[in-house]
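Encoded as structure tokens, the structure appears first; notes follow it.
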Amino acid sequence: MASEPSMADSSTSNGPQPPSPQLPSPLLLLSNMSNLMSIKLDSLNYMVWKLQLTTILEAYSIIDHIDGSVQKPSQYLVDAVGNLTTRANPSFLSWKKRDKALLTLIYSTLSPLVLLMVVGLNSAQEVWRTLETRFTSTARANVLNLKLELQSVKKGTDSINVYMQRVKTARDKFSVVGVQIDDEEMLHMVLKGLPKEYSSFNSAIRTRDDSLTFEKLSVLLQT
């Protein structure tokens, strides 16, 4: 009769790593997620790129692979007393397959110039953190520059229609960096850019109790 496996054998074969969650195969993950990405990361759209990719990874319950909440498994198993063996850890092999699939996914969403920034990095987490470090400060600088651009828009001799279109164009650039300008701030920017002959309109709008959307303000200015 075959003997029951000992506790030592069980410990050796399983190792100290907790069991990995049962997720779709890396190739299936890659195929499905790649179809959901609509942009490639460049120097201007990091916030939108990150939002889109993070949402996809969360939907597939795999965001923990790159955000640091799950540690990379040991490459080899340990025995019952904690000594490293030469036997491959199945958890590591599963992790490696998933990591390569995620690397392939991330690479496919990078523009050629951005791809050059991550050459030589070995894991999806390394690539993720490098891009985060590189582009977070750039994104903040872009937002500041866009706000200065929006604040500088003046009506001058333009028609109201042209002026409001210029303001809208400046506002829409914020969506590229993942920032939304609220109605109150837009109202302030539009009124600030109007010449003195609009002072009565300016006063009337500022004393209103209700909030105005940019679109409604455009209509009021043209009536």
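Ordered as shown in the structure tokens, chains take letters A, B, and onward, while each chain numbers its residues from 1 and ligands are numbered from 1 in the order shown.
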
### Query
Which of region 38-188 of chain A counts as strand (DSSP E) under DSSP, as number ranges by chain please?
A: 76-78, 84-88

Given the selection you just returned, output its residues as a file containing N, CA and C atoms, formatted as a short mmCIF file (atom, residue, chain, number, x, y, z; two decimals), in the first residue's frame.
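What ended up in again.cif:
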```cif
data_model
loop_
_atom_site.label_atom_id
_atom_site.label_comp_id
_atom_site.auth_asym_id
_atom_site.auth_seq_id
_atom_site.Cartn_x
_atom_site.Cartn_y
_atom_site.Cartn_z
N TYR A 76 12.74 29.44 -7.09
CA TYR A 76 12.91 28.02 -6.71
C TYR A 76 12.16 27.73 -5.42
N LEU A 77 11.79 26.47 -5.26
CA LEU A 77 11.12 26.02 -4.05
C LEU A 77 12.10 25.94 -2.89
N VAL A 78 11.57 25.98 -1.68
CA VAL A 78 12.39 25.75 -0.49
C VAL A 78 11.93 24.45 0.16
N LEU A 84 16.81 26.74 0.20
CA LEU A 84 16.47 26.84 -1.22
C LEU A 84 16.88 25.58 -1.96
N THR A 85 15.98 25.08 -2.79
CA THR A 85 16.28 23.90 -3.61
C THR A 85 16.54 24.34 -5.05
N THR A 86 16.77 23.37 -5.91
CA THR A 86 16.98 23.68 -7.34
C THR A 86 15.72 23.40 -8.16
N ARG A 87 14.63 23.10 -7.47
CA ARG A 87 13.38 22.81 -8.17
C ARG A 87 12.61 24.08 -8.46
N ALA A 88 12.15 24.21 -9.68
CA ALA A 88 11.43 25.42 -10.10
C ALA A 88 10.12 25.57 -9.33
#
```

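Residues in contact range of region 191-208 of chain A, defined as at most 12 Å between only C-alpha atoms, with sequence neighbours fewer than 6 positions away removed, read A:Glu149, A:Leu150, A:Gln151, A:Ser152, A:Val153, A:Lys154, A:Lys155, A:Gly156, A:Thr157, A:Asp158, A:Ser159, A:Ile160, A:Tyr163, A:Met164, A:Arg166, A:Val167, A:Glu184, A:Glu185, A:Phe214, A:Lys216, A:Leu217, A:Ser218, A:Leu220, A:Leu221, A:Gln222, A:Thr223.
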
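The two atoms in question, CA of Glu126 (chain A) and CA of Lys72 (chain A), are spaced 11.9 Å apart.
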
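Between Ala101 (chain A) and the candidates A:Asn145, A:Thr133, A:Ser34, A:Gln75, the tightest atom-to-atom separation, counting only C-alpha atoms, involves A:Ser34.
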
### Task
Considering only C-alpha atoms, return as number ranges by chain whatever protein or nucleic-acid residues lie within 12 Å of Asn122 (chain A), sequence-local ones (same chain, fewer than 2 positions apart) excluded.
A: 96, 99-100, 102-104, 118-120, 124-130

So that I have them on file, write out the residues from the current selection with C-alpha atoms, as a tab-separated table (two decimals), in the first residue's frame.
```
chain	number	residue	atom	x	y	z
A	96	LYS	CA	6.60	34.85	-15.37
A	99	ASP	CA	4.46	39.12	-16.63
A	100	LYS	CA	5.58	38.51	-20.22
A	102	LEU	CA	1.64	42.16	-19.52
A	103	LEU	CA	4.95	43.40	-20.89
A	104	THR	CA	3.76	42.62	-24.40
A	118	VAL	CA	12.02	51.19	-21.24
A	119	VAL	CA	14.54	49.19	-23.24
A	120	GLY	CA	16.46	46.90	-20.88
A	124	ALA	CA	6.04	44.79	-16.21
A	125	GLN	CA	6.30	46.44	-12.79
A	126	GLU	CA	9.68	47.98	-13.66
A	127	VAL	CA	8.25	49.39	-16.89
A	128	TRP	CA	5.14	50.68	-15.10
A	129	ARG	CA	7.10	52.46	-12.38
A	130	THR	CA	9.62	53.91	-14.81
```

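The two atoms in question, CA of Thr138 (chain A) and CA of Ser43 (chain A), are spaced 7.8 Å apart.
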
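Going from CA of Ile106 (chain A) over to CA of Thr54 (chain A), you cover 11.0 Å.
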
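Taking only C-alpha atoms, the non-local environment of Ser108 (chain A) within 12 Å (same-chain residues fewer than 4 positions away omitted) comprises Leu30, Ser31, Met33, Ser34, Asn35, Leu36, Met37, Ser38, Ile39, Lys40, Leu41, Leu53, Ala101, Leu102, Leu103, Thr104, Pro112, Val114 and Leu115 of chain A.
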
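You can rank A:Asp79, A:Leu44, A:Glu132, A:Gln71 by their closest distance to Ser91 (chain A) using only C-alpha atoms, and at the top of that list sits A:Gln71.
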
### Task
Taking the DSSP assignment computed from this structure's backbone, write out as a PyMOL selection string all residues of region 119-152 of chain A that belong to helix (DSSP H, G or I).
chain A and resi 124-151

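Residues within 9 Å of Leu51 (chain A), counting only C-alpha atoms and excluding same-chain residues fewer than 5 positions away, are Tyr46, Ile56 and Gly178 of chain A.
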